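Single-structure report; data block below.
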Amino acid sequence: MKQHSSGVRVTYKFAETILKILRKYKAINLSLELIRDSEHLIIPIILPNENVLSILENYQSKFEVSTFNFIQKENTPKNLFEALENEIPTELHDYIPKSYDMIGDIVVVEIHDEMLDYKDTIGKALLSLFPSINTVYRKASAVIGKIRVRKLELLAGEEKCETVHVEHTIKIFTDVCKAYFSPRLGHEHNRVADKVKNKETIVDLFTGVGPFPLHIAKNKDAIIYAVDINKAALSCLEKSIDLNKLKGSIALIYGDCRNVTESLLEADKVIMNLPSEAHEYLDVACQIIKPGGILYFYQFVPDDNPEEKMIQILEKKLKEQKYSIKEIISFQKIRESAPREIHACLEVSILPDST
């Protein structure tokens with residue numbers, strides 16, 4: 001729909017300056033589209049012409065105020081709340097999801113029990129918000145079992161599970177129905193990879209679809225042993241290796257890490273991102289790490305003094321293996337995992353007590 005309205009026509013050379021001033025005085029009519037021609041930008045204004053002339057008096061020779069034929073902006077929602085506020089009863093607005101996981105062209109959303117009657121509405125809203133999204137699933141269970149997967153319920157779009165997620169230019173093939181993957185850990189995958197040196201040997205004990213190995217091998221000439229008990233997850237990693245040009249090499253090892261790591265060479269670094277259970281596998285890490293090697297130990301911990309609590313957990317478990325912390329290198333809060341709980345990483349070097 002077109003609408004006659006006052007506007008400011010300015011050459012592109014001075015457009016950014018004029019826009020900045022008009023924004024400062026909230027003079028721009030945000031319901032109308034800007035007009036662009038070969039030489040000028042035309043800015044719709046909401047204040048009276050005389051007020052705009054006064055605001056821009058120092059630039060009088062640079063612009064013209066007149067009436068133009070603007071196009072009315074479509075009233076498209078900017079976020080999920082705006083998309084749903086007129087579809088959901090007011091008393092339930094607090095339950096509208098504030099976050100969701102975008103994995104390639106698939107969205108996975110958690111919906112509060114109070115909102116289950118509106119799950120299809122939420123799915124359609126998410127599909128309409130993002131043109132690049134083809135599928136919306138609801139988390140229908142927690143992450144369960146040894147292979148760390150959850151039940152998913154299709155809410156909208158195409159019924160598909162496989163997708164390619166791009167993270168720091170790295171293509172990660174994943175199957176959201178058969179393997180666990182969190183797009184919220186992209187920064188952490190990259191952070192750890194940046195610390196790896198060429199020619200190092202890395203063991204990722206719970207690799208899943210392999211985001212840590214892929215990040216490392218993308219830019220470092222290192223060898224990474226990617227271990228997981230979920231065969232479908234390793235199949236995804238195998239496909240990702242073919243999708244990316246890698247400097248390093250990734251060796252896939254299928255099985256329980258307790259049973260398949262005995263023959264590994266001593267590792268410079270061991271990654272243990274299984275935050276609910278990593279402390280139970282420190283015996284495996286101690287068997288394969290070099291004296292003074294670096295451990296990336298992940299854990300769910302209360303948000304009250306989390307670093308101190310992680311150190312206590314790690315020291316206790318290492319003592320059982322006759323190992324000790326040589327140096328605490330860093331502590332990283334990764335994300336909030338539950339109310340008053342965080343997912344965190346403690347980076348330490350460790351030594352056997354006899355060394």
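Residue numbers start at 1 in each chain; chains themselves are named A, B, ... in the order of the structure tokens; ligands are numbered from 1 in the order shown.
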Q. Skipping near chain neighbours, those fewer than 4 positions away, what residues fall within 9 Å of stretch 117-130 of chain A using only C-alpha atoms, listed as a list in words?
A.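 Counting only C-alpha atoms, the residues come to Thr76, Pro77, Lys78, Asn79, Leu80, Ala83, Leu84, Glu87, Ile88, Ile96, Pro97, Val107, Val109, Ile111, Asp113, Asn134, Thr135, Val136, Tyr137, Arg138, Leu154, Leu155, Ala156 and Gly157 of chain A.
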Do you have, as a Markdown table, the list of residues of stretch 107-207 of chain A lying at most 10 Å from stretch 293-299 of chain A, each with its nearest atom pair and that distance in Å to one decimal, counting only C-alpha atoms and ordered by chain then number?
```
| residue | atom | partner | partner_atom | distance |
| --- | --- | --- | --- | --- |
| A:Val192 | CA | A:Tyr296 | CA | 8.4 |
| A:Ile202 | CA | A:Ile294 | CA | 9.6 |
| A:Val203 | CA | A:Leu295 | CA | 9.8 |
| A:Asp204 | CA | A:Tyr296 | CA | 9.5 |
```
**Q.** Residues near A:Asn259, cut-off 12 Å, only C-alpha atoms, skip fewer than 3 positions along chain, as number ranges by chain
**A.** A: 205, 227-229, 253-256, 262-264, 281, 284, 287
Q | Which of stretch 229-333 of chain A DSSP labels strand (DSSP E), written as an MDAnalysis selection string | A | chainID A and resid 249:254 267:272 289:302 323:333
Q. Could you pull out the helix (DSSP H, G or I) residues of stretch 85-293 of chain A from DSSP and send them as a VMD selection string?
A. chain A and resid 90 to 95 113 to 129 183 to 194 211 to 219 231 to 243 257 to 260 278 to 288
